[in-house]
Amino acid sequence: MVEIKSPVISEEAVSNRGFWFMRDIPTLLWLLLTVVTTITHRWLPEPRWLMIHLLFLGAITHAILVWSQYFSFALLRSKAGKKDRRTQNIRLLVANGGAALVFLGVPLQIWALTIIGAAALVLAVLWHALSIYLRSRTSLPGKFGRTVRYYLASAILLAIGATIGAIIATGDAAPHLVLSHVLINVLGWVGITVAGTVVTLWPTILRTRVDDKAALWAARALPLLAVGVVLAAVSAILEILPALAISLVIYAAGFVLIALSLWRPATQKAPKSFAALSVGMALIWWIGCMVWLIISTIVAELDGSGFVAVLKVLDQIVPYFAAGFAAQVLVGALSYLIPVVLGGGPTPVRVGTTGFDRWGHFRITLANLMLAFTLFPLPSLTLVVATFLYLIAMALFLYLMLTSMRAQQKAKKVGASLQEKRTGPIEPEGARPQGLRAGGATAGLLIGALAIAISFAVDPSTLQDIKPPVDDPNAPVLTVQIEAKDMHFTPNRIEVPEGTRLVIELTNTDQTQTHDLVLANGVSSSRLSPGASETLNAGVITESLDGWCSIVGHRQMGMTLTIVAVDSSGKPITPDDNDTNGSDHDHNHSGTSPDKPDLMGEPSDLFRPYNAVLDPLPASTSPTVHKLTLVAQDRITEVAPGVTQTLWTYNDTAPGPTLHGKVGDTFEITLVNNTTMGHSIDFHAGALAPDEPMRTIAPGEQLLYKFTATRSGIWMYHCSTMPMSAHIANGMYGAVVIEPEDLPAVDRSYVLVQGEYYLGDFDAGIVDFDKVEAGTPDLVVFNGYANQYQHLPLTATVGERVRIWVLDAGIERPSSFHIVGGQFDTVWAEGRYLINRATNTGSQAMALQPAQGGFVELVFPEAGHYPFVSHLMIDAERGASGIFKVTD
């Protein structure tokens, strides 16, 4: 095999050969944390943010800081000394420590930690850039020495992006600032670094010569890439959509120049090793994501859907930038570089390289096949299976990294002869027989396809029989324009001559609400934000059929469409039978669930208890300003044993977070809508005109709701978007406790919010609006889960004074709060004392209507278990019960 002298594998670059903890281990740890977070994401705060940032901010950032230094020594023909290693160790400690603080600060909403962590990270990255710059000023660079400018440009962009990220962490940032943050970090920090690296790394992995024009193309590409990222970020902040589209095209043009330098080496020697295939597939995903983003931005400008549509698309694309591009380029590059820098001579290096290459074609095939499957609208079970198999294929790298490094270290110690006696001759990288490579790829393909097929077979949701529309290209065409507004389609009745193909031009002219259109023959639009339009081909109309908006509650509020097939005389055609088209769609659940939840069962691992403890307010006589961001987002949540629902939540919980203050305090609440439909918020604790703060905001938007608490009480907050009953019943409610002046201290305080569930399908369904209209809840619960405090009792001690704040959030059922075996000596409801502990009177229950609240106090006389219920006993049997566990 002929060795080709590479500009990135030189004696200068590998003067630090051998194991180096701060170089080799942190990336492994960050990747391991990414895998663990992905597996346990249901039980973690901010799981999506954590998964993406553990990869980008943790593993990728550390790798960039390590390997761009490594490449800079080679490209500038410099030699690393002991001082350089010590300095690099400190720099890496600062960077990784800063990242760790960010990972604590953001999920825990401790802004100070986030700011300190971001500052440390920026300091380390700018220090890193300065070291490369100073090195470039004192060296005699080779032909590709100018590519270190890629590392300087990306480091400056990371400093800007991290600063924006710290601002976003405060919760007050506009969505367009989030878009700018993503563009700078993904396309700038990661994208530009990778672009500058692959120019020389790609032919080195392939063991071919670098294209003669590669240095020229790289020099011309950097200005396009850097200018494209900066202009895109500025365009996002200023909300100039055409400028954003142009900026992304400029960036793409820079990548085209990089691609030209990679093409000739690939044609000289096709990628065969895992390292080469992984980097190659990463670049393909990079291209695909950029094309997707550019086209979506242009379409958003042309159809008027604006930045909201771009934000939604970017939210879909970022996981593929992470899993398809970033993860694969990282593991591919490390699979080649780590054996080289561990060194030890040709044979140990081949030992390590062969270890990293194990099961390479199987891993590449399975990972990319599964990732490609997730692009399609698959059932939830199938998506879970595809994600899990992708994770397995990628996580195998961690195991192979450890075993290969150990094998290479052992080969360095015991010598090549012993290694060859044990395992036989070691083949060069990528030189395994074609049959073995094809066998691995085939195995990955078969395992992936079989797993997807099985998941389809066992998922009942894939078995629905939808009658497709009839179509005939020669049929006459009738085009009808329909507006969706104010819970109506206009027109809401269309007469279509039999045999005519119907084309519907649907426009959402509502100011705040998201709408769609579903026809009984299976044709449907996407969910349209305010101002958005879409054209539907309804097919050839041979019989009358119905249409409706599928967003929960909209159909029941009158958002329906009737398409009437008429004969040549204009008379409606009578169907042959009385079967109503689309009857399978009348409910939000499929009938595969049992009639009633099993409240005697045990919670599953999906159960996340709601903390009912109300901590005392800090001692302060002056008014306090409370700042909080409430993010509206959909969340699959267990609400009873064996029952999950796709709830609409504030900050991932139903009820939302409990706000706590005193009279005179000010609350500044930022509402962010991260769902696919309109939402709003209404705080009963504030007295103000509802026009602006309680308005419905579209997906991707946010508003600031500011009020001063002028009166005490336990106040309800909830979504006021129509139909309000559905939004509240599906989880969008919570409590605000404003303590009365001179409220006596107690030993323990709890908050219980009574709510109701009108269950859809028991497996991730949504609220059944037919049940809401009928007033027949399946569950009545405290703090979002049926009987949760039977499974995890609230605690108290004999002789302690316990205060329980209770709010009835409705929507339908009153509450009669009672503790079995207890007597209330204090009852405070709707702003006044009904019974005060100073008198020798008592109460057995506190009666509340929906949207009313108060508190009770008692002292438990002896140790034991004291059930608490709503004494409307049918509701207690529906889940409105719990237990106080009292100890001596």
# chains A, B, ... in the order shown; residues from 1 in each chain; ligands from 1
>>> residues_around(residues="region 773-787 of chain A", least_positions_apart="4", cutoff="7 Å", atoms="only C-alpha atoms", output="PyMOL selection string")
chain A and resi 610+639-640+654-655+752-759+769+812+875+878-882
>>> residues_around(residues="Lys213 (chain A)", least_positions_apart="4", cutoff="12 Å", atoms="only C-alpha atoms", output="compact mmCIF listing (two decimals) with N, CA, C and O atoms, in the first residue's frame")
# COMPACT_ATOMS: atom_id res chain seq x y z
N LYS A 143 0.83 24.78 1.82
CA LYS A 143 -0.14 25.16 0.79
C LYS A 143 -1.52 25.38 1.37
O LYS A 143 -2.27 26.25 0.91
N PHE A 144 -1.88 24.61 2.39
CA PHE A 144 -3.23 24.70 2.97
C PHE A 144 -3.24 25.47 4.29
O PHE A 144 -4.20 25.40 5.04
N VAL A 199 -11.51 19.54 3.72
CA VAL A 199 -10.72 19.78 2.51
C VAL A 199 -9.47 18.91 2.50
O VAL A 199 -9.09 18.35 1.47
N THR A 200 -8.84 18.78 3.66
CA THR A 200 -7.63 17.95 3.74
C THR A 200 -7.87 16.60 4.42
O THR A 200 -7.19 15.62 4.10
N ARG A 209 -4.54 11.55 -3.08
CA ARG A 209 -3.92 12.87 -3.11
C ARG A 209 -5.01 13.95 -3.04
O ARG A 209 -6.10 13.79 -3.58
N TRP A 217 -10.05 26.59 -3.96
CA TRP A 217 -11.49 26.54 -3.70
C TRP A 217 -11.79 26.82 -2.23
O TRP A 217 -12.76 27.50 -1.90
N ALA A 218 -10.94 26.30 -1.35
CA ALA A 218 -11.15 26.55 0.08
C ALA A 218 -11.01 28.03 0.40
O ALA A 218 -11.77 28.59 1.20
N ALA A 219 -10.02 28.69 -0.22
CA ALA A 219 -9.82 30.12 0.03
C ALA A 219 -11.02 30.93 -0.46
O ALA A 219 -11.41 31.92 0.17
N ARG A 220 -11.61 30.53 -1.57
CA ARG A 220 -12.76 31.26 -2.11
C ARG A 220 -14.05 30.94 -1.36
O ARG A 220 -14.98 31.75 -1.34
N LEU A 257 -18.28 25.03 -3.39
CA LEU A 257 -16.84 25.09 -3.66
C LEU A 257 -16.08 24.05 -2.84
O LEU A 257 -15.12 23.43 -3.34
N ILE A 258 -16.48 23.86 -1.60
CA ILE A 258 -15.87 22.81 -0.78
C ILE A 258 -16.12 21.44 -1.40
O ILE A 258 -15.23 20.58 -1.46
N ALA A 259 -17.35 21.23 -1.85
CA ALA A 259 -17.71 19.93 -2.43
C ALA A 259 -16.87 19.63 -3.67
O ALA A 259 -16.53 18.47 -3.94
N LEU A 260 -16.52 20.67 -4.44
CA LEU A 260 -15.69 20.46 -5.63
C LEU A 260 -14.33 19.87 -5.26
O LEU A 260 -13.79 19.02 -5.98
N SER A 261 -13.79 20.32 -4.12
CA SER A 261 -12.49 19.80 -3.70
C SER A 261 -12.57 18.38 -3.18
O SER A 261 -11.55 17.69 -3.10
N LEU A 262 -13.76 17.93 -2.81
CA LEU A 262 -13.93 16.58 -2.27
C LEU A 262 -14.28 15.57 -3.35
O LEU A 262 -14.12 14.37 -3.14
N TRP A 263 -14.77 16.05 -4.47
CA TRP A 263 -15.30 15.14 -5.48
C TRP A 263 -14.21 14.29 -6.14
O TRP A 263 -14.35 13.08 -6.26
N ARG A 264 -13.11 14.93 -6.53
CA ARG A 264 -12.08 14.18 -7.24
C ARG A 264 -11.45 13.08 -6.38
O ARG A 264 -11.29 11.95 -6.86
N PRO A 265 -11.11 13.33 -5.10
CA PRO A 265 -10.59 12.22 -4.28
C PRO A 265 -11.58 11.06 -4.17
O PRO A 265 -11.17 9.90 -4.18
>>> closest_residue(among="A:Arg801, A:Thr676, A:Ala876, A:Gly343", to="Pro814 (chain A)", atoms="only C-alpha atoms")
A:Ala876
>>> closest_residue(among="A:Ser720, A:Trp715, A:Met559, A:Pro45", to="Asp691 (chain A)", atoms="only C-alpha atoms")
A:Ser720
>>> atom_distance(atom1="CA of Val194 (chain A)", atom2="CA of Phe255 (chain A)")
10.5 Å
>>> residues_around(residues="region 476-484 of chain A", least_positions_apart="6", cutoff="12 Å", atoms="only C-alpha atoms", output="compact mmCIF listing (two decimals) with N, CA, C and O atoms, in the first residue's frame")
# COMPACT_ATOMS: atom_id res chain seq x y z
N THR A 490 -65.98 29.37 4.91
CA THR A 490 -66.82 30.19 4.03
C THR A 490 -66.35 30.02 2.60
O THR A 490 -65.20 30.37 2.28
N PRO A 491 -67.20 29.47 1.71
CA PRO A 491 -68.52 28.90 1.98
C PRO A 491 -68.38 27.56 2.73
O PRO A 491 -67.34 26.93 2.67
N ASN A 492 -69.45 27.16 3.40
CA ASN A 492 -69.43 25.89 4.12
C ASN A 492 -70.26 24.81 3.41
O ASN A 492 -70.42 23.72 3.95
N ARG A 493 -70.77 25.15 2.24
CA ARG A 493 -71.49 24.17 1.42
C ARG A 493 -71.12 24.40 -0.04
O ARG A 493 -71.18 25.52 -0.54
N ILE A 494 -70.71 23.31 -0.71
CA ILE A 494 -70.30 23.40 -2.11
C ILE A 494 -71.08 22.36 -2.91
O ILE A 494 -71.13 21.19 -2.52
N GLU A 495 -71.70 22.78 -3.98
CA GLU A 495 -72.36 21.84 -4.89
C GLU A 495 -71.43 21.57 -6.07
O GLU A 495 -70.96 22.49 -6.73
N VAL A 496 -71.15 20.29 -6.31
CA VAL A 496 -70.20 19.89 -7.33
C VAL A 496 -70.89 18.91 -8.29
O VAL A 496 -71.44 17.89 -7.83
N PRO A 497 -70.91 19.19 -9.59
CA PRO A 497 -71.50 18.23 -10.54
C PRO A 497 -70.80 16.88 -10.44
O PRO A 497 -69.57 16.80 -10.33
N GLU A 498 -71.58 15.84 -10.45
CA GLU A 498 -71.03 14.48 -10.38
C GLU A 498 -70.00 14.26 -11.48
O GLU A 498 -70.20 14.65 -12.63
N GLY A 499 -68.87 13.64 -11.10
CA GLY A 499 -67.81 13.37 -12.06
C GLY A 499 -66.83 14.52 -12.24
O GLY A 499 -65.94 14.43 -13.09
N THR A 500 -66.98 15.56 -11.47
CA THR A 500 -66.09 16.72 -11.57
C THR A 500 -64.98 16.61 -10.52
O THR A 500 -65.24 16.24 -9.37
N ARG A 501 -63.76 16.96 -10.93
CA ARG A 501 -62.66 16.98 -9.97
C ARG A 501 -62.68 18.31 -9.24
O ARG A 501 -62.67 19.38 -9.86
N LEU A 502 -62.67 18.22 -7.91
CA LEU A 502 -62.77 19.41 -7.07
C LEU A 502 -61.39 19.80 -6.56
O LEU A 502 -60.68 18.99 -5.98
N VAL A 503 -61.03 21.05 -6.78
CA VAL A 503 -59.80 21.63 -6.25
C VAL A 503 -60.18 22.73 -5.28
O VAL A 503 -60.94 23.63 -5.62
N ILE A 504 -59.67 22.62 -4.04
CA ILE A 504 -60.00 23.59 -2.99
C ILE A 504 -58.77 24.43 -2.70
O ILE A 504 -57.70 23.90 -2.38
N GLU A 505 -58.93 25.75 -2.83
CA GLU A 505 -57.88 26.69 -2.43
C GLU A 505 -58.25 27.23 -1.06
O GLU A 505 -59.12 28.09 -0.92
N LEU A 506 -57.59 26.69 -0.03
CA LEU A 506 -57.94 26.98 1.36
C LEU A 506 -57.01 28.05 1.91
O LEU A 506 -55.79 27.94 1.79
N THR A 507 -57.59 29.07 2.52
CA THR A 507 -56.82 30.15 3.14
C THR A 507 -57.31 30.35 4.57
O THR A 507 -58.53 30.46 4.80
N ASN A 508 -56.39 30.39 5.51
CA ASN A 508 -56.73 30.69 6.89
C ASN A 508 -56.68 32.20 7.08
O ASN A 508 -55.62 32.80 7.19
N THR A 509 -57.85 32.85 7.11
CA THR A 509 -57.91 34.30 7.28
C THR A 509 -58.16 34.70 8.72
O THR A 509 -58.41 35.88 9.01
N ASP A 510 -58.10 33.73 9.63
CA ASP A 510 -58.23 34.05 11.04
C ASP A 510 -57.02 34.87 11.49
O ASP A 510 -55.95 34.80 10.89
N GLN A 511 -57.19 35.64 12.55
CA GLN A 511 -56.11 36.48 13.04
C GLN A 511 -55.16 35.72 13.98
O GLN A 511 -53.98 36.05 14.06
N THR A 512 -55.69 34.73 14.68
CA THR A 512 -54.89 34.07 15.71
C THR A 512 -54.90 32.55 15.64
O THR A 512 -53.94 31.91 16.03
N GLN A 513 -56.01 31.97 15.15
CA GLN A 513 -56.18 30.52 15.26
C GLN A 513 -55.55 29.77 14.09
O GLN A 513 -55.56 30.24 12.94
N THR A 514 -55.01 28.61 14.40
CA THR A 514 -54.55 27.67 13.38
C THR A 514 -55.73 26.77 12.98
O THR A 514 -56.52 26.37 13.82
N HIS A 515 -55.85 26.47 11.69
CA HIS A 515 -56.93 25.62 11.20
C HIS A 515 -56.39 24.64 10.16
O HIS A 515 -55.29 24.81 9.62
N ASP A 516 -57.18 23.61 9.86
CA ASP A 516 -56.91 22.73 8.75
C ASP A 516 -58.23 22.27 8.16
O ASP A 516 -59.30 22.69 8.61
N LEU A 517 -58.16 21.44 7.14
CA LEU A 517 -59.37 20.87 6.53
C LEU A 517 -59.12 19.40 6.26
O LEU A 517 -58.15 19.04 5.60
N ARG A 527 -51.74 21.85 8.85
CA ARG A 527 -52.27 22.87 9.74
C ARG A 527 -51.76 24.23 9.30
O ARG A 527 -50.55 24.45 9.20
N LEU A 528 -52.67 25.14 9.03
CA LEU A 528 -52.33 26.43 8.46
C LEU A 528 -52.30 27.50 9.53
O LEU A 528 -53.29 27.71 10.25
N SER A 529 -51.19 28.20 9.65
CA SER A 529 -51.11 29.34 10.53
C SER A 529 -51.90 30.50 9.95
O SER A 529 -52.24 30.50 8.75
N PRO A 530 -52.24 31.51 10.74
CA PRO A 530 -52.98 32.66 10.22
C PRO A 530 -52.29 33.25 8.99
O PRO A 530 -51.09 33.51 8.99
N GLY A 531 -53.06 33.44 7.92
CA GLY A 531 -52.54 33.99 6.68
C GLY A 531 -52.03 32.97 5.70
O GLY A 531 -51.80 33.31 4.53
N ALA A 532 -51.86 31.72 6.10
CA ALA A 532 -51.30 30.69 5.22
C ALA A 532 -52.38 30.10 4.31
O ALA A 532 -53.58 30.13 4.63
N SER A 533 -51.92 29.57 3.18
CA SER A 533 -52.84 28.98 2.20
C SER A 533 -52.31 27.64 1.74
O SER A 533 -51.12 27.34 1.86
N GLU A 534 -53.22 26.84 1.18
CA GLU A 534 -52.83 25.54 0.63
C GLU A 534 -53.89 25.10 -0.37
O GLU A 534 -55.08 25.40 -0.20
N THR A 535 -53.46 24.41 -1.39
CA THR A 535 -54.38 23.88 -2.42
C THR A 535 -54.53 22.38 -2.25
O THR A 535 -53.54 21.66 -2.13
N LEU A 536 -55.79 21.92 -2.21
CA LEU A 536 -56.09 20.50 -2.03
C LEU A 536 -56.77 19.97 -3.29
O LEU A 536 -57.69 20.61 -3.83
N ASN A 537 -56.34 18.80 -3.71
CA ASN A 537 -57.05 18.08 -4.77
C ASN A 537 -57.98 17.09 -4.10
O ASN A 537 -57.55 16.06 -3.59
N ALA A 538 -59.26 17.40 -4.07
CA ALA A 538 -60.24 16.55 -3.39
C ALA A 538 -60.62 15.34 -4.21
O ALA A 538 -61.37 14.47 -3.73
N GLY A 539 -60.14 15.23 -5.45
CA GLY A 539 -60.47 14.10 -6.30
C GLY A 539 -61.78 14.32 -7.06
O GLY A 539 -62.44 15.36 -6.96
N VAL A 540 -62.17 13.31 -7.81
CA VAL A 540 -63.42 13.36 -8.57
C VAL A 540 -64.58 13.07 -7.61
O VAL A 540 -64.58 12.06 -6.91
N ILE A 541 -65.55 13.95 -7.59
CA ILE A 541 -66.68 13.84 -6.67
C ILE A 541 -67.77 12.98 -7.31
O ILE A 541 -68.34 13.34 -8.35
N GLY A 547 -66.53 17.51 5.34
CA GLY A 547 -65.21 17.98 5.70
C GLY A 547 -65.28 18.72 7.02
O GLY A 547 -66.36 19.15 7.45
N TRP A 548 -64.15 18.87 7.69
CA TRP A 548 -64.13 19.52 8.99
C TRP A 548 -62.71 19.93 9.36
O TRP A 548 -61.74 19.46 8.76
N CYS A 549 -62.61 20.83 10.32
CA CYS A 549 -61.32 21.17 10.93
C CYS A 549 -61.05 20.15 12.02
O CYS A 549 -61.90 19.93 12.89
N HIS A 554 -62.90 22.33 17.26
CA HIS A 554 -63.29 23.22 16.18
C HIS A 554 -64.48 22.66 15.40
O HIS A 554 -65.38 23.40 15.01
N ARG A 555 -64.47 21.36 15.17
CA ARG A 555 -65.58 20.76 14.43
C ARG A 555 -66.89 20.90 15.20
O ARG A 555 -67.94 21.23 14.62
N GLY A 558 -68.77 24.13 14.94
CA GLY A 558 -69.40 24.48 13.67
C GLY A 558 -68.46 24.60 12.50
O GLY A 558 -68.89 25.05 11.42
N MET A 559 -67.20 24.21 12.67
CA MET A 559 -66.25 24.36 11.58
C MET A 559 -66.30 23.12 10.69
O MET A 559 -65.42 22.25 10.72
N THR A 560 -67.36 23.04 9.90
CA THR A 560 -67.60 21.90 9.03
C THR A 560 -67.86 22.38 7.61
O THR A 560 -68.21 23.54 7.37
N LEU A 561 -67.69 21.46 6.68
CA LEU A 561 -67.89 21.73 5.26
C LEU A 561 -68.69 20.58 4.66
O LEU A 561 -68.42 19.41 4.97
N THR A 562 -69.65 20.90 3.83
CA THR A 562 -70.44 19.88 3.14
C THR A 562 -70.21 20.01 1.65
O THR A 562 -70.42 21.09 1.07
N ILE A 563 -69.76 18.93 1.04
CA ILE A 563 -69.60 18.88 -0.42
C ILE A 563 -70.74 18.02 -0.96
O ILE A 563 -70.85 16.83 -0.63
>>> atom_distance(atom1="CA of Glu830 (chain A)", atom2="CA of Met732 (chain A)")
21.9 Å
>>> residues_around(residues="Arg608 (chain A)", least_positions_apart="2", cutoff="12 Å", atoms="only C-alpha atoms", output="list of chain:residue names")
A:Arg42, A:Trp43, A:Leu44, A:Pro45, A:Pro603, A:Ser604, A:Asp605, A:Leu606, A:Tyr610, A:Asn611, A:Ile636, A:Thr637, A:Glu638, A:Val639, A:Ala640, A:Pro641, A:Thr644, A:Asp652, A:Thr653, A:Ala654, A:Asn783, A:Gly784, A:Tyr785, A:Gln788, A:Tyr789, A:His791, A:Leu792
>>> residues_around(residues="Pro107 (chain A)", least_positions_apart="5", cutoff="9 Å", atoms="only C-alpha atoms", output="PyMOL selection string")
chain A and resi 44-47+49-50+102
>>> select_by_dssp(residues="region 713-807 of chain A", states="alpha helix (DSSP H)", output="list in words")
Met724, Ser725, Ala726, His727, Ile728, Ala729, Phe769, Asp770, Lys771, Val772, Glu773, Ala774, Gln788, Tyr789, Gln790 and His791 of chain A
>>> write_last_selection(atoms="all heavy atoms", output="compact mmCIF listing (two decimals), in the first residue's frame")
# COMPACT_ATOMS: atom_id res chain seq x y z
N MET A 724 -62.53 27.01 24.73
CA MET A 724 -61.82 27.11 25.99
C MET A 724 -61.96 25.83 26.82
O MET A 724 -61.02 25.40 27.50
CB MET A 724 -62.35 28.30 26.79
CG MET A 724 -61.45 28.76 27.92
SD MET A 724 -62.19 30.12 28.86
CE MET A 724 -62.56 31.29 27.55
N SER A 725 -63.12 25.22 26.76
CA SER A 725 -63.35 24.00 27.55
C SER A 725 -62.37 22.90 27.16
O SER A 725 -61.85 22.18 28.02
CB SER A 725 -64.79 23.53 27.38
OG SER A 725 -65.09 23.34 26.00
N ALA A 726 -62.10 22.78 25.86
CA ALA A 726 -61.18 21.74 25.40
C ALA A 726 -59.74 22.04 25.83
O ALA A 726 -58.99 21.15 26.24
CB ALA A 726 -61.25 21.59 23.88
N HIS A 727 -59.34 23.30 25.73
CA HIS A 727 -57.97 23.66 26.09
C HIS A 727 -57.72 23.45 27.58
O HIS A 727 -56.65 22.97 27.97
CB HIS A 727 -57.70 25.12 25.70
CG HIS A 727 -57.51 25.31 24.22
ND1 HIS A 727 -56.32 25.67 23.65
CD2 HIS A 727 -58.38 25.17 23.18
CE1 HIS A 727 -56.45 25.76 22.34
NE2 HIS A 727 -57.71 25.47 22.03
N ILE A 728 -58.70 23.80 28.42
CA ILE A 728 -58.52 23.59 29.86
C ILE A 728 -58.55 22.10 30.17
O ILE A 728 -57.70 21.58 30.92
CB ILE A 728 -59.62 24.33 30.65
CG1 ILE A 728 -59.51 25.84 30.43
CG2 ILE A 728 -59.52 24.00 32.14
CD1 ILE A 728 -60.64 26.63 31.04
N ALA A 729 -59.50 21.38 29.59
CA ALA A 729 -59.63 19.95 29.88
C ALA A 729 -58.42 19.16 29.41
O ALA A 729 -58.15 18.08 29.94
CB ALA A 729 -60.90 19.40 29.23
N PHE A 769 -63.86 15.88 22.61
CA PHE A 769 -64.76 17.03 22.78
C PHE A 769 -66.21 16.61 22.87
O PHE A 769 -67.04 17.33 23.44
CB PHE A 769 -64.56 18.04 21.65
CG PHE A 769 -65.09 19.40 21.98
CD1 PHE A 769 -64.42 20.21 22.87
CD2 PHE A 769 -66.27 19.85 21.41
CE1 PHE A 769 -64.92 21.47 23.19
CE2 PHE A 769 -66.77 21.11 21.72
CZ PHE A 769 -66.09 21.92 22.61
N ASP A 770 -66.58 15.47 22.32
CA ASP A 770 -67.95 14.99 22.48
C ASP A 770 -68.26 14.74 23.95
O ASP A 770 -69.36 15.05 24.44
CB ASP A 770 -68.16 13.69 21.68
CG ASP A 770 -68.13 13.94 20.18
OD1 ASP A 770 -68.28 15.11 19.78
OD2 ASP A 770 -67.94 12.97 19.42
N LYS A 771 -67.29 14.19 24.69
CA LYS A 771 -67.48 13.98 26.12
C LYS A 771 -67.53 15.31 26.87
O LYS A 771 -68.27 15.46 27.86
CB LYS A 771 -66.35 13.11 26.68
CG LYS A 771 -66.31 11.68 26.14
CD LYS A 771 -65.13 10.92 26.76
CE LYS A 771 -65.03 9.50 26.20
NZ LYS A 771 -63.87 8.78 26.77
N VAL A 772 -66.73 16.27 26.42
CA VAL A 772 -66.77 17.59 27.04
C VAL A 772 -68.16 18.19 26.91
O VAL A 772 -68.74 18.71 27.87
CB VAL A 772 -65.71 18.52 26.40
CG1 VAL A 772 -65.88 19.95 26.91
CG2 VAL A 772 -64.30 18.02 26.72
N GLU A 773 -68.71 18.12 25.69
CA GLU A 773 -70.04 18.68 25.47
C GLU A 773 -71.10 17.93 26.29
O GLU A 773 -72.08 18.54 26.74
CB GLU A 773 -70.39 18.62 23.99
CG GLU A 773 -69.60 19.62 23.15
CD GLU A 773 -70.11 19.68 21.72
OE1 GLU A 773 -70.37 18.60 21.14
OE2 GLU A 773 -70.29 20.79 21.20
N ALA A 774 -70.90 16.65 26.48
CA ALA A 774 -71.86 15.87 27.25
C ALA A 774 -71.65 16.01 28.76
O ALA A 774 -72.51 15.60 29.55
CB ALA A 774 -71.77 14.39 26.86
N GLN A 788 -52.93 10.05 42.47
CA GLN A 788 -51.46 10.00 42.54
C GLN A 788 -50.95 10.02 43.98
O GLN A 788 -49.90 9.43 44.28
CB GLN A 788 -50.85 11.13 41.73
CG GLN A 788 -50.99 12.52 42.26
CD GLN A 788 -50.10 13.51 41.47
OE1 GLN A 788 -48.89 13.31 41.37
NE2 GLN A 788 -50.72 14.53 40.91
N TYR A 789 -51.69 10.69 44.89
CA TYR A 789 -51.19 10.77 46.26
C TYR A 789 -51.65 9.58 47.11
O TYR A 789 -51.38 9.55 48.31
CB TYR A 789 -51.59 12.10 46.88
CG TYR A 789 -51.04 13.26 46.09
CD1 TYR A 789 -51.89 14.17 45.44
CD2 TYR A 789 -49.67 13.43 45.94
CE1 TYR A 789 -51.39 15.22 44.70
CE2 TYR A 789 -49.15 14.48 45.19
CZ TYR A 789 -50.02 15.36 44.56
OH TYR A 789 -49.51 16.39 43.82
N GLN A 790 -52.29 8.60 46.47
CA GLN A 790 -52.39 7.28 47.09
C GLN A 790 -51.09 6.52 46.87
O GLN A 790 -50.64 5.76 47.74
CB GLN A 790 -53.58 6.50 46.53
CG GLN A 790 -54.94 7.02 46.93
CD GLN A 790 -56.07 6.12 46.45
OE1 GLN A 790 -55.83 4.97 46.06
NE2 GLN A 790 -57.29 6.64 46.47
N HIS A 791 -50.50 6.72 45.70
CA HIS A 791 -49.23 6.05 45.38
C HIS A 791 -48.06 6.74 46.07
O HIS A 791 -47.09 6.08 46.48
CB HIS A 791 -49.03 6.03 43.87
CG HIS A 791 -50.15 5.39 43.11
ND1 HIS A 791 -50.39 4.04 43.13
CD2 HIS A 791 -51.14 5.94 42.34
CE1 HIS A 791 -51.45 3.77 42.38
NE2 HIS A 791 -51.92 4.90 41.90
>>> atom_distance(atom1="CA of Leu293 (chain A)", atom2="CA of Val186 (chain A)")
12.6 Å
>>> select_by_dssp(residues="region 587-638 of chain A", states="strand (DSSP E or B)", output="list in words")
Val613, Val625, His626, Lys627, Leu628, Thr629, Leu630, Val631, Ala632, Gln633, Asp634, Arg635, Ile636, Thr637 and Glu638 of chain A
>>> closest_residue(among="A:Gly831, A:Gly440, A:Gly448, A:Gly98", to="Ala367 (chain A)", atoms="only C-alpha atoms")
A:Gly448
>>> residues_around(residues="Phe884 (chain A)", least_positions_apart="6", cutoff="8 Å", atoms="only C-alpha atoms", output="PDB file with C-alpha atoms, in the first residue's frame")
ATOM      1  CA  TYR A 789     -51.192  10.765  46.261  1.00  0.00           C
ATOM      2  CA  PRO A 793     -48.877  10.094  49.966  1.00  0.00           C
ATOM      3  CA  LEU A 794     -48.463  13.629  51.234  1.00  0.00           C
ATOM      4  CA  THR A 795     -46.703  13.681  54.594  1.00  0.00           C
ATOM      5  CA  ALA A 796     -47.251  15.372  57.931  1.00  0.00           C
ATOM      6  CA  HIS A 865     -53.232   7.317  57.009  1.00  0.00           C
ATOM      7  CA  TYR A 866     -55.862   9.984  56.357  1.00  0.00           C
ATOM      8  CA  PRO A 867     -57.568   9.791  52.936  1.00  0.00           C
ATOM      9  CA  PHE A 868     -58.600  13.050  51.284  1.00  0.00           C
TER      10      PHE A 868
END
>>> residues_around(residues="Gly191 (chain A)", least_positions_apart="3", cutoff="12 Å", atoms="only C-alpha atoms", output="PyMOL selection string")
chain A and resi 56+60-61+64+150-151+153-155+157-158+182-188+194-198+222+225-226+228-229+251-252+254-255+258+282-283+286-287+289-290+321-322+325-326+329
>>> closest_residue(among="A:Val806, A:Ile766, A:Val798, A:Leu311", to="Thr658 (chain A)", atoms="only C-alpha atoms")
A:Val806
